[in-house]
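The file final.cif comes next; it holds mmCIF, C-alpha atoms.
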data_target
loop_
_atom_site.label_atom_id
_atom_site.label_comp_id
_atom_site.auth_asym_id
_atom_site.auth_seq_id
_atom_site.Cartn_x
_atom_site.Cartn_y
_atom_site.Cartn_z
CA MET A 1 40.63 -27.21 -5.82
CA SER A 2 36.94 -28.07 -5.82
CA LYS A 3 35.81 -30.74 -8.23
CA VAL A 4 33.45 -29.72 -11.03
CA GLN A 5 30.01 -31.16 -10.45
CA LEU A 6 29.06 -33.30 -13.45
CA ASN A 7 25.29 -33.42 -13.55
CA HIS A 8 23.29 -34.95 -16.36
CA VAL A 9 22.76 -31.61 -18.13
CA ARG A 10 26.48 -30.84 -18.24
CA LEU A 11 27.31 -34.36 -19.44
CA LEU A 12 24.72 -34.05 -22.21
CA ARG A 13 26.26 -30.76 -23.29
CA TYR A 14 29.78 -32.22 -23.34
CA ALA A 15 28.58 -35.17 -25.42
CA THR A 16 27.10 -32.85 -28.06
CA TYR A 17 30.35 -30.85 -28.13
CA PHE A 18 32.21 -34.06 -28.89
CA VAL A 19 29.80 -34.91 -31.72
CA PHE A 20 30.26 -31.43 -33.15
CA LEU A 21 34.03 -31.84 -33.18
CA CYS A 22 33.69 -35.23 -34.89
CA VAL A 23 31.50 -33.64 -37.58
CA GLY A 24 34.36 -31.23 -38.29
CA LEU A 25 36.84 -34.02 -39.11
CA PRO A 26 35.78 -34.29 -42.79
CA LEU A 27 36.15 -30.53 -43.09
CA SER A 28 39.72 -30.65 -41.76
CA MET A 29 40.69 -33.23 -44.40
CA GLN A 30 38.88 -31.52 -47.28
CA ARG A 31 40.93 -29.86 -50.02
CA ALA A 32 39.57 -27.46 -52.61
CA GLY A 33 39.82 -28.53 -56.21
CA THR A 34 37.97 -29.73 -59.26
CA GLY A 35 38.76 -33.44 -59.07
CA PRO A 36 36.43 -36.25 -57.98
CA GLY A 37 35.25 -35.88 -54.37
CA GLN A 38 36.54 -32.31 -54.18
CA ILE A 39 34.63 -29.05 -53.90
CA GLY A 40 35.37 -25.55 -55.05
CA ASP A 41 37.06 -22.80 -53.06
CA VAL A 42 33.84 -20.86 -52.50
CA ALA A 43 31.94 -23.96 -51.34
CA LEU A 44 34.76 -24.92 -48.96
CA LEU A 45 34.85 -21.40 -47.53
CA MET A 46 31.08 -21.34 -47.05
CA TRP A 47 31.20 -24.80 -45.46
CA THR A 48 33.81 -23.56 -42.99
CA ALA A 49 31.79 -20.41 -42.23
CA CYS A 50 28.57 -22.37 -41.61
CA TYR A 51 30.42 -24.84 -39.37
CA LEU A 52 31.94 -22.03 -37.29
CA VAL A 53 28.62 -20.16 -37.04
CA PHE A 54 26.87 -23.33 -35.90
CA GLY A 55 29.52 -24.01 -33.25
CA LEU A 56 29.61 -20.43 -31.98
CA VAL A 57 25.82 -20.06 -31.64
CA TYR A 58 25.50 -23.49 -30.07
CA TRP A 59 28.25 -22.77 -27.54
CA LEU A 60 26.87 -19.33 -26.62
CA PHE A 61 23.44 -20.76 -25.97
CA THR A 62 24.45 -23.92 -24.11
CA ARG A 63 27.04 -22.36 -21.79
CA ASP A 64 24.11 -21.22 -19.63
CA LEU A 65 21.60 -23.88 -20.55
CA GLY A 66 18.29 -23.21 -18.85
CA LEU A 67 18.75 -19.44 -18.72
CA ARG A 68 15.52 -17.62 -19.48
CA VAL A 69 15.64 -15.78 -22.82
CA ASP A 70 12.94 -14.04 -24.81
CA GLY A 71 10.95 -15.71 -27.57
CA LEU A 72 12.64 -13.92 -30.47
CA THR A 73 16.07 -14.98 -29.28
CA ARG A 74 14.96 -18.60 -28.96
CA MET A 75 13.52 -18.66 -32.48
CA ALA A 76 16.63 -16.96 -33.87
CA VAL A 77 18.88 -19.57 -32.27
CA LEU A 78 16.74 -22.40 -33.64
CA LEU A 79 16.65 -20.98 -37.18
CA ILE A 80 20.41 -20.27 -37.27
CA LEU A 81 21.31 -23.74 -36.06
CA THR A 82 18.90 -25.48 -38.44
CA GLY A 83 19.80 -23.35 -41.43
CA SER A 84 23.55 -23.73 -40.98
CA ALA A 85 23.19 -27.50 -40.50
CA LEU A 86 21.21 -27.89 -43.75
CA ALA A 87 23.65 -25.61 -45.57
CA ILE A 88 26.57 -27.81 -44.48
CA GLY A 89 24.74 -30.84 -45.90
CA VAL A 90 24.25 -29.12 -49.26
CA LEU A 91 27.83 -27.80 -49.44
CA SER A 92 29.53 -31.00 -48.29
CA LYS A 93 27.19 -33.30 -50.25
CA SER A 94 27.09 -35.66 -47.28
CA GLY A 95 24.97 -36.70 -44.34
CA LEU A 96 26.71 -34.30 -41.94
CA ALA A 97 23.55 -32.18 -41.85
CA ALA A 98 21.65 -35.06 -40.23
CA LEU A 99 24.28 -35.39 -37.50
CA LEU A 100 24.12 -31.67 -36.80
CA LEU A 101 20.32 -31.82 -36.63
CA THR A 102 20.72 -34.49 -33.98
CA ILE A 103 22.79 -32.00 -31.99
CA VAL A 104 20.13 -29.32 -32.48
CA ALA A 105 17.50 -31.75 -31.20
CA SER A 106 19.31 -31.74 -27.85
CA VAL A 107 18.53 -28.03 -27.28
CA VAL A 108 15.06 -27.87 -28.80
CA PRO A 109 13.30 -28.74 -25.46
CA TRP A 110 15.15 -25.79 -23.86
CA LEU A 111 14.01 -23.43 -26.65
CA VAL A 112 10.37 -24.21 -27.44
CA SER A 113 7.48 -26.25 -26.12
CA VAL A 114 7.17 -29.98 -26.81
CA PRO A 115 4.51 -29.69 -29.60
CA VAL A 116 6.49 -26.97 -31.39
CA GLY A 117 9.68 -28.99 -30.98
CA MET A 118 8.12 -32.10 -32.49
CA ALA A 119 6.79 -30.08 -35.43
CA TRP A 120 10.24 -28.58 -35.96
CA MET A 121 11.85 -32.05 -36.01
CA VAL A 122 9.40 -33.29 -38.65
CA PHE A 123 9.91 -30.32 -40.99
CA ALA A 124 13.69 -30.24 -40.50
CA HIS A 125 14.05 -33.91 -41.45
CA LEU A 126 11.67 -33.52 -44.35
CA ALA A 127 14.07 -30.81 -45.57
CA LEU A 128 16.81 -33.47 -45.56
CA ILE A 129 15.10 -35.36 -48.40
CA PRO A 130 16.01 -32.84 -51.16
CA VAL A 131 19.50 -32.55 -49.61
CA PHE A 132 20.02 -36.32 -49.96
CA MET A 133 18.49 -36.33 -53.45
CA GLY A 134 21.11 -33.82 -54.55
CA PHE A 135 23.94 -36.38 -54.19
CA PRO A 136 22.07 -37.87 -56.28
CA VAL A 137 20.05 -40.46 -54.31
CA PRO A 138 16.65 -41.93 -55.28
CA PHE A 139 13.67 -40.49 -53.49
CA LEU A 140 12.88 -43.67 -51.55
CA ALA A 141 16.48 -43.98 -50.35
CA ALA A 142 16.52 -40.31 -49.33
CA LEU A 143 13.22 -40.78 -47.48
CA MET A 144 14.54 -43.86 -45.71
CA GLN A 145 17.74 -42.07 -44.64
CA SER A 146 15.73 -39.10 -43.41
CA CYS A 147 13.50 -41.39 -41.33
CA LEU A 148 16.58 -43.16 -39.95
CA TYR A 149 18.16 -39.90 -38.78
CA PHE A 150 14.78 -38.73 -37.48
CA GLY A 151 14.81 -41.69 -35.08
CA PHE A 152 18.21 -40.66 -33.68
CA SER A 153 17.04 -37.05 -33.34
CA ALA A 154 13.85 -38.15 -31.57
CA LEU A 155 15.93 -40.16 -29.10
CA MET A 156 18.11 -37.11 -28.42
CA PHE A 157 15.03 -34.90 -28.14
CA ILE A 158 13.39 -37.13 -25.53
CA THR A 159 16.63 -37.46 -23.56
CA SER A 160 17.09 -33.69 -23.48
CA MET A 161 13.41 -33.15 -22.60
CA VAL A 162 13.78 -35.43 -19.57
CA ALA A 163 16.94 -33.57 -18.55
CA ASN A 164 15.08 -30.25 -18.87
CA GLN A 165 12.20 -31.47 -16.72
CA GLN A 166 14.57 -32.79 -14.08
CA ALA A 167 16.45 -29.48 -14.03
CA GLU A 168 13.18 -27.58 -13.53
CA GLU A 169 12.10 -29.95 -10.77
CA ARG A 170 15.49 -29.63 -9.09
CA GLU A 171 15.20 -25.84 -9.19
CA GLU A 172 11.69 -26.04 -7.75
CA LEU A 173 12.98 -28.34 -5.00
CA ARG A 174 15.81 -25.90 -4.26
CA ARG A 175 13.35 -23.02 -4.03
CA LEU A 176 11.02 -24.92 -1.70
CA ASN A 177 13.98 -26.01 0.42
CA SER A 178 15.21 -22.42 0.73
CA GLU A 179 11.71 -21.31 1.75
CA LEU A 180 11.59 -24.12 4.31
CA ARG A 181 14.94 -23.14 5.81
CA ALA A 182 13.92 -19.49 5.93
CA THR A 183 10.61 -20.38 7.58
CA ARG A 184 12.42 -22.62 10.06
CA ALA A 185 14.77 -19.78 10.98
CA LEU A 186 11.79 -17.46 11.38
CA LEU A 187 9.99 -20.03 13.53
CA ALA A 188 13.08 -20.47 15.71
CA GLU A 189 13.26 -16.72 16.25
CA SER A 190 9.56 -16.54 17.10
CA THR A 191 9.94 -19.44 19.54
CA ARG A 192 12.91 -17.75 21.20
CA ILE A 193 11.03 -14.48 21.62
CA ALA A 194 7.89 -16.24 22.86
CA GLU A 195 9.94 -18.06 25.50
CA ARG A 196 11.55 -14.81 26.64
CA MET A 197 8.16 -13.18 26.91
CA ARG A 198 6.79 -16.14 28.88
CA ILE A 199 9.68 -15.95 31.35
CA ALA A 200 9.19 -12.18 31.67
CA ARG A 201 5.48 -12.60 32.38
CA ASP A 202 6.14 -15.35 34.92
CA LEU A 203 8.65 -13.19 36.73
CA HIS A 204 6.19 -10.30 36.69
CA ASP A 205 3.13 -12.25 37.80
CA LEU A 206 4.71 -14.58 40.35
CA VAL A 207 8.00 -13.30 41.71
CA GLY A 208 7.12 -9.62 41.41
CA HIS A 209 3.77 -10.06 43.12
CA HIS A 210 5.17 -12.03 46.04
CA LEU A 211 8.12 -9.68 46.51
CA THR A 212 5.75 -6.71 46.62
CA ALA A 213 3.53 -8.48 49.16
CA LEU A 214 6.62 -9.39 51.19
CA SER A 215 7.77 -5.78 51.16
CA LEU A 216 4.33 -4.63 52.39
CA ASN A 217 4.30 -7.18 55.21
CA LEU A 218 7.78 -6.18 56.28
CA GLU A 219 6.69 -2.55 56.26
CA VAL A 220 3.83 -3.40 58.63
CA ALA A 221 6.09 -5.57 60.78
CA SER A 222 8.60 -2.75 61.19
CA HIS A 223 5.92 -0.74 63.02
CA LEU A 224 4.80 -3.59 65.27
CA THR A 225 8.12 -4.95 66.53
CA ASN A 226 10.36 -3.66 69.28
CA ASP A 227 13.58 -1.79 68.72
CA THR A 228 15.72 -4.92 68.79
CA ALA A 229 13.79 -6.76 66.04
CA ARG A 230 13.06 -3.61 64.01
CA GLY A 231 16.65 -3.46 62.72
CA HIS A 232 16.44 -6.98 61.29
CA VAL A 233 13.03 -6.28 59.79
CA LEU A 234 14.28 -3.11 58.09
CA LYS A 235 17.28 -5.01 56.75
CA ALA A 236 14.99 -7.72 55.35
CA GLN A 237 12.77 -5.04 53.84
CA SER A 238 15.77 -3.43 52.15
CA THR A 239 16.81 -6.80 50.77
CA ALA A 240 13.30 -7.42 49.42
CA LYS A 241 13.29 -4.02 47.71
CA GLN A 242 16.69 -4.67 46.15
CA LEU A 243 15.53 -8.07 44.93
CA LEU A 244 12.40 -6.46 43.51
CA ALA A 245 14.55 -3.93 41.64
CA ASP A 246 16.72 -6.77 40.25
CA VAL A 247 13.66 -8.65 39.04
CA ARG A 248 12.35 -5.46 37.43
CA GLU A 249 15.64 -5.03 35.57
CA VAL A 250 15.62 -8.64 34.35
CA VAL A 251 12.05 -8.29 33.08
CA SER A 252 12.96 -5.08 31.26
CA GLU A 253 15.94 -6.74 29.57
CA LEU A 254 13.84 -9.72 28.48
CA ARG A 255 11.24 -7.40 26.96
CA GLN A 256 13.73 -5.15 25.19
CA ASP A 257 15.00 -7.74 22.67
CA ASP A 258 11.71 -8.98 21.23
CA ALA A 259 12.43 -8.34 17.53
CA ILE A 260 12.61 -11.29 15.11
CA ASP A 261 16.11 -11.52 13.63
CA LEU A 262 15.73 -11.92 9.85
CA THR A 263 19.43 -12.25 9.03
CA GLN A 264 19.60 -16.05 8.90
CA ALA A 265 16.21 -16.38 7.21
CA LEU A 266 17.19 -14.01 4.41
CA ARG A 267 20.53 -15.73 3.87
CA SER A 268 18.84 -19.12 3.66
CA LEU A 269 16.39 -17.73 1.12
CA THR A 270 19.01 -16.16 -1.17
CA GLU A 271 21.72 -18.83 -1.13
CA GLY A 272 22.28 -21.19 -4.05
CA VAL A 273 20.14 -19.51 -6.70
CA PRO A 274 21.43 -21.02 -9.99
CA GLY A 275 22.86 -18.53 -12.46
CA LEU A 276 22.26 -15.57 -10.16
CA ALA A 277 24.62 -13.94 -7.66
CA VAL A 278 22.57 -12.31 -4.90
CA HIS A 279 24.30 -9.46 -3.04
CA LEU A 280 22.51 -9.00 0.28
CA GLY A 281 22.92 -5.82 2.27
CA ILE A 282 21.35 -5.80 5.73
CA PRO A 283 21.91 -3.80 8.92
CA GLN A 284 24.15 -5.17 11.66
CA ARG A 285 21.19 -6.19 13.82
CA PHE A 286 18.24 -6.63 11.52
CA GLY A 287 14.97 -7.48 13.24
CA VAL A 288 11.23 -6.88 12.95
CA GLU A 289 8.94 -7.11 15.97
CA ASP A 290 5.77 -8.10 14.13
CA PRO A 291 5.92 -11.71 12.83
CA ARG A 292 3.37 -10.91 10.11
CA ARG A 293 5.60 -8.16 8.78
CA ALA A 294 8.61 -10.47 8.95
CA GLN A 295 6.78 -13.17 6.98
CA MET A 296 5.62 -10.61 4.43
CA LEU A 297 9.21 -9.40 3.90
CA LEU A 298 10.36 -12.96 3.20
CA ARG A 299 7.54 -13.42 0.68
CA CYS A 300 8.52 -10.20 -1.09
CA VAL A 301 12.16 -11.30 -1.31
CA GLN A 302 11.09 -14.68 -2.69
CA GLU A 303 8.94 -12.98 -5.34
CA ILE A 304 11.84 -10.72 -6.35
CA LEU A 305 14.13 -13.74 -6.72
CA THR A 306 11.56 -15.62 -8.81
CA ASN A 307 10.93 -12.68 -11.15
CA THR A 308 14.65 -12.06 -11.60
CA VAL A 309 15.40 -15.66 -12.51
CA ARG A 310 12.43 -16.04 -14.85
CA HIS A 311 12.24 -12.71 -16.63
CA ALA A 312 15.26 -10.46 -16.04
CA ASN A 313 17.99 -12.54 -17.73
CA ALA A 314 20.31 -11.14 -15.06
CA ARG A 315 23.49 -12.41 -13.45
CA ASN A 316 23.51 -10.18 -10.36
CA LEU A 317 20.81 -9.06 -7.96
CA TRP A 318 21.33 -6.49 -5.22
CA LEU A 319 18.99 -6.52 -2.21
CA THR A 320 19.53 -3.73 0.33
CA PHE A 321 17.55 -3.25 3.53
CA ARG A 322 17.85 0.13 5.25
CA HIS A 323 16.00 2.12 7.88
CA THR A 324 14.71 5.37 6.39
CA GLY A 325 13.30 6.47 9.73
CA PRO A 326 12.72 5.30 13.28
CA ASP A 327 9.59 3.41 12.22
CA GLU A 328 10.08 2.69 8.49
CA LEU A 329 12.04 -0.01 6.67
CA CYS A 330 13.02 0.28 3.01
CA LEU A 331 13.96 -2.54 0.61
CA ASP A 332 15.89 -1.57 -2.54
CA ALA A 333 16.24 -4.25 -5.24
CA ARG A 334 17.94 -3.97 -8.61
CA ASP A 335 19.46 -6.34 -11.17
CA ASP A 336 21.75 -6.12 -14.19
CA GLY A 337 19.35 -7.80 -16.58
CA VAL A 338 18.09 -6.66 -19.94
CA SER A 339 14.85 -4.70 -19.85
CA GLY A 340 12.06 -5.66 -22.20
CA GLY A 341 10.65 -2.19 -22.86
CA GLN A 342 7.60 -1.01 -20.94
CA LEU A 343 7.02 -2.36 -17.46
CA GLN A 344 3.81 -4.32 -17.12
CA PRO A 345 3.19 -5.42 -13.52
CA GLY A 346 2.05 -9.01 -13.27
CA ASN A 347 0.48 -11.03 -10.49
CA GLY A 348 3.74 -11.11 -8.53
CA LEU A 349 4.25 -7.35 -8.35
CA ASN A 350 0.55 -6.73 -7.72
CA GLY A 351 0.65 -9.27 -4.90
CA MET A 352 3.65 -7.52 -3.33
CA ARG A 353 1.89 -4.19 -3.54
CA GLU A 354 -1.23 -5.62 -1.89
CA ARG A 355 0.79 -7.21 0.93
CA LEU A 356 2.58 -3.93 1.63
CA ALA A 357 -0.67 -1.96 1.46
CA GLU A 358 -2.09 -4.08 4.30
CA PHE A 359 0.52 -2.53 6.61
CA GLY A 360 0.43 0.96 5.10
CA GLY A 361 3.46 0.38 2.87
CA SER A 362 4.12 1.20 -0.78
CA LEU A 363 5.89 -0.29 -3.81
CA ASP A 364 7.60 1.59 -6.65
CA PHE A 365 9.32 -0.10 -9.60
CA ARG A 366 11.21 1.28 -12.56
CA LEU A 367 13.90 0.53 -15.11
CA GLY A 368 17.42 0.75 -13.73
CA PRO A 369 20.00 3.22 -15.01
CA THR A 370 21.79 0.45 -16.94
CA GLY A 371 18.64 -1.19 -18.30
CA GLY A 372 17.89 -3.61 -15.48
CA PHE A 373 14.86 -3.72 -13.23
CA ALA A 374 14.69 -1.87 -9.90
CA LEU A 375 12.08 -1.54 -7.19
CA THR A 376 11.72 0.12 -3.81
CA ALA A 377 9.41 -1.23 -1.10
CA ARG A 378 8.63 0.84 2.00
CA LEU A 379 7.18 -0.78 5.11
CA PRO A 380 6.09 1.08 8.26
CA LEU A 381 7.24 -0.72 11.40
CA GLY A 382 4.64 0.71 13.79
CA VAL A 383 3.14 -2.05 15.92
CA GLU A 384 -0.64 -1.89 15.96
CA PRO A 385 -2.40 -3.64 18.87
CA THR A 386 -3.97 -6.17 16.51
CA LEU A 387 -0.67 -6.98 14.84
CA ALA A 388 1.80 -6.69 17.69
CA HIS A 389 4.05 -9.63 18.45
CA ALA A 390 4.38 -8.52 22.06
CA PRO A 391 2.05 -6.44 24.26
CA PHE A 392 2.49 -2.70 24.06
CA ARG A 393 4.94 -1.21 26.47
CA SER A 394 5.96 2.36 27.19
CA SER A 395 9.39 3.58 28.19
CA SER A 396 8.24 4.37 31.71
CA ASP A 397 6.45 1.07 32.41
CA ASN A 398 8.80 -1.72 33.35
CA GLY A 399 6.10 -4.25 34.19
CA LEU A 400 6.45 -4.20 38.02
CA ALA A 401 5.26 -1.94 40.76
CA ASP A 402 7.54 0.95 41.57
CA ASP A 403 9.28 1.00 44.94
CA HIS A 404 7.97 4.46 45.75
CA ASP A 405 4.37 3.79 44.71
CA PRO A 406 2.22 4.53 47.77
CA ALA A 407 -0.24 1.78 46.78
CA PRO A 408 1.64 -0.99 45.00
CA HIS A 409 -1.04 -3.52 45.77
CA ALA A 410 -3.41 -1.58 43.52
CA LYS A 411 -1.10 -2.04 40.53
CA LEU A 412 -0.69 -5.72 41.19
CA SER A 413 -4.41 -6.32 41.21
CA SER A 414 -5.09 -4.30 38.04
CA PRO A 415 -6.14 -6.46 35.05
CA ALA A 416 -4.35 -4.17 32.62
CA GLU A 417 -1.10 -4.55 34.50
CA GLY A 418 -1.36 -8.31 34.38
CA GLN A 419 -1.34 -8.08 30.58
CA SER A 420 1.68 -5.74 30.38
#
Target encoding structure tokens, full file:
Amino acid sequence: MSKVQLNHVRLLRYATYFVFLCVGLPLSMQRAGTGPGQIGDVALLMWTACYLVFGLVYWLFTRDLGLRVDGLTRMAVLLILTGSALAIGVLSKSGLAALLLTIVASVVPWLVSVPVGMAWMVFAHLALIPVFMGFPVPFLAALMQSCLYFGFSALMFITSMVANQQAEEREELRRLNSELRATRALLAESTRIAERMRIARDLHDLVGHHLTALSLNLEVASHLTNDTARGHVLKAQSTAKQLLADVREVVSELRQDDAIDLTQALRSLTEGVPGLAVHLGIPQRFGVEDPRRAQMLLRCVQEILTNTVRHANARNLWLTFRHTGPDELCLDARDDGVSGGQLQPGNGLNGMRERLAEFGGSLDFRLGPTGGFALTARLPLGVEPTLAHAPFRSSSDNGLADDHDPAPHAKLSSPAEGQS
């Protein structure tokens, strides 16, 4: 069984759970009645309801602390927690409200900005003054107690703010590390293909040229030698032709597999995204010949991941790559998040559309059938001369002179052939 990783955010959450349970101890020992120190049935019932509402809302929000939620939900959580905490103070006629506000201070940095959070803390603890005066307590004593609890809440607020900043920095570090690993995998693939192409060119320019020249010289020698030596010359010529054919086959094989394999790069990019399960569907042998297209695909996937984590409030993301034709690649992406009404493309989606348009591609996005976000990106895979990773080759050109060419020396001296 794998051990649960106890980071500082999880430990902070567990500590606030413990404080919440301790706050409930006076409630468990409270009895309804009319005697001294007792409260009525209705007050006890309302106290219990406020305590349960506070615990339920706090647990629902903190079980996925750091998950992106909309502004209305954040304000609703903050108002419910603050209101129920103050209500418990009024109903119990005690300082339990101040302890609960300390717990609320631990989630304020995850809900609102720092200035708004500080303003909330000031107003919430000012609201404690009339609660304390209802015990009854003199105004100065109530003010002093409110300031005392404000100090504890400020300490909790700063601690939680630091934890929030560290969590964001850790997520940024994870994202940069995933991009680095994906780029490293892409660079390794490009290096592998470049080395194969270099070997193929060397075989073509050096070995192929000399074998062709050798075959020509043996052809001339076969007409100048006597019958006894002609048999050996013809045998050597046949061996040279066979060796030339073998070199041609090796060059063709080296040039055939010149596509950049994106499998490892995509897996490195999509692994370990916090709070999001990425389901990646790719072909068995997924490669793109143009390195600029390959890099653009990785950037599009990274943008989809970032938008899903920040805005979609989703738990699952499906990325499917499929070939819709011999020269077109299609990326389908969808999530199970909650849509926010009309779709307004931001800088990320506009940037994806511009990147695809550079290669003649297109981008379509829409709301999913279950309310999530979905998009389809289409990318032509045609290799233009200015964008090609490898020089253009036709199916009939294998890079070496043909055995039956009547003038193979002409092909070897052609500048165009030297670039094939």
_Residues within 7 Å of stretch 271-282 of chain A, only C-alpha atoms, excluding chain neighbours under 3 positions, as a PyMOL selection string_ = chain A and resi 267-268+286+314-322
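When atom CA of A:Asp41 is paired with atom CA of A:Leu99, their separation reads 23.7 Å.
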*Report as an MDAnalysis selection string the full result of the PyMOL selection byres ((chain A and resi 301) around 12) when it is applied to this structure.*
chainID A and resid 178:179 182 262 265:270 278 280 294:300 302:308 317:321 331:334 348:349 352 375:377
*Counting all atoms listed in the file, which of A:Arg355, A:Gly361, A:Phe150, A:Val137 gets nearest to A:Trp120?*
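Among A:Arg355, A:Gly361, A:Phe150, A:Val137, it is A:Phe150 that comes nearest to A:Trp120.
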*Separation of atom CA of A:Arg293 and atom CA of A:Asn177, in Å?*
21.4 Å
*Please measure the separation of atom CA of A:Ile129 and atom CA of A:Met144, giving the value in Å to one decimal.*
8.9 Å
*Using only C-alpha atoms: which of A:Val104, A:Leu218, A:Leu186, A:Leu234 has the shortest distance to A:Leu78*: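 Smallest separation from A:Leu78 among the options: A:Val104.
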*Nearest residue to A:Phe132 from the set A:Ala97, A:Ala105, A:Val162, A:Leu381 (distances using only C-alpha atoms)*: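 Among the listed residues, the smallest separation from A:Phe132 belongs to A:Ala97.
Each of A:Gly40, A:Ile103, A:Leu11, A:Lys241 was compared to A:Gly55 using all atoms listed in the file, and A:Ile103 turns out to be the nearest.
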_Explicit residue set for the PyMOL selection byres ((chain A and resi 128) around 12), as an MDAnalysis selection string_ = chainID A and resid 82:83 85:90 93:101 121:127 129:135 137 139 141:150
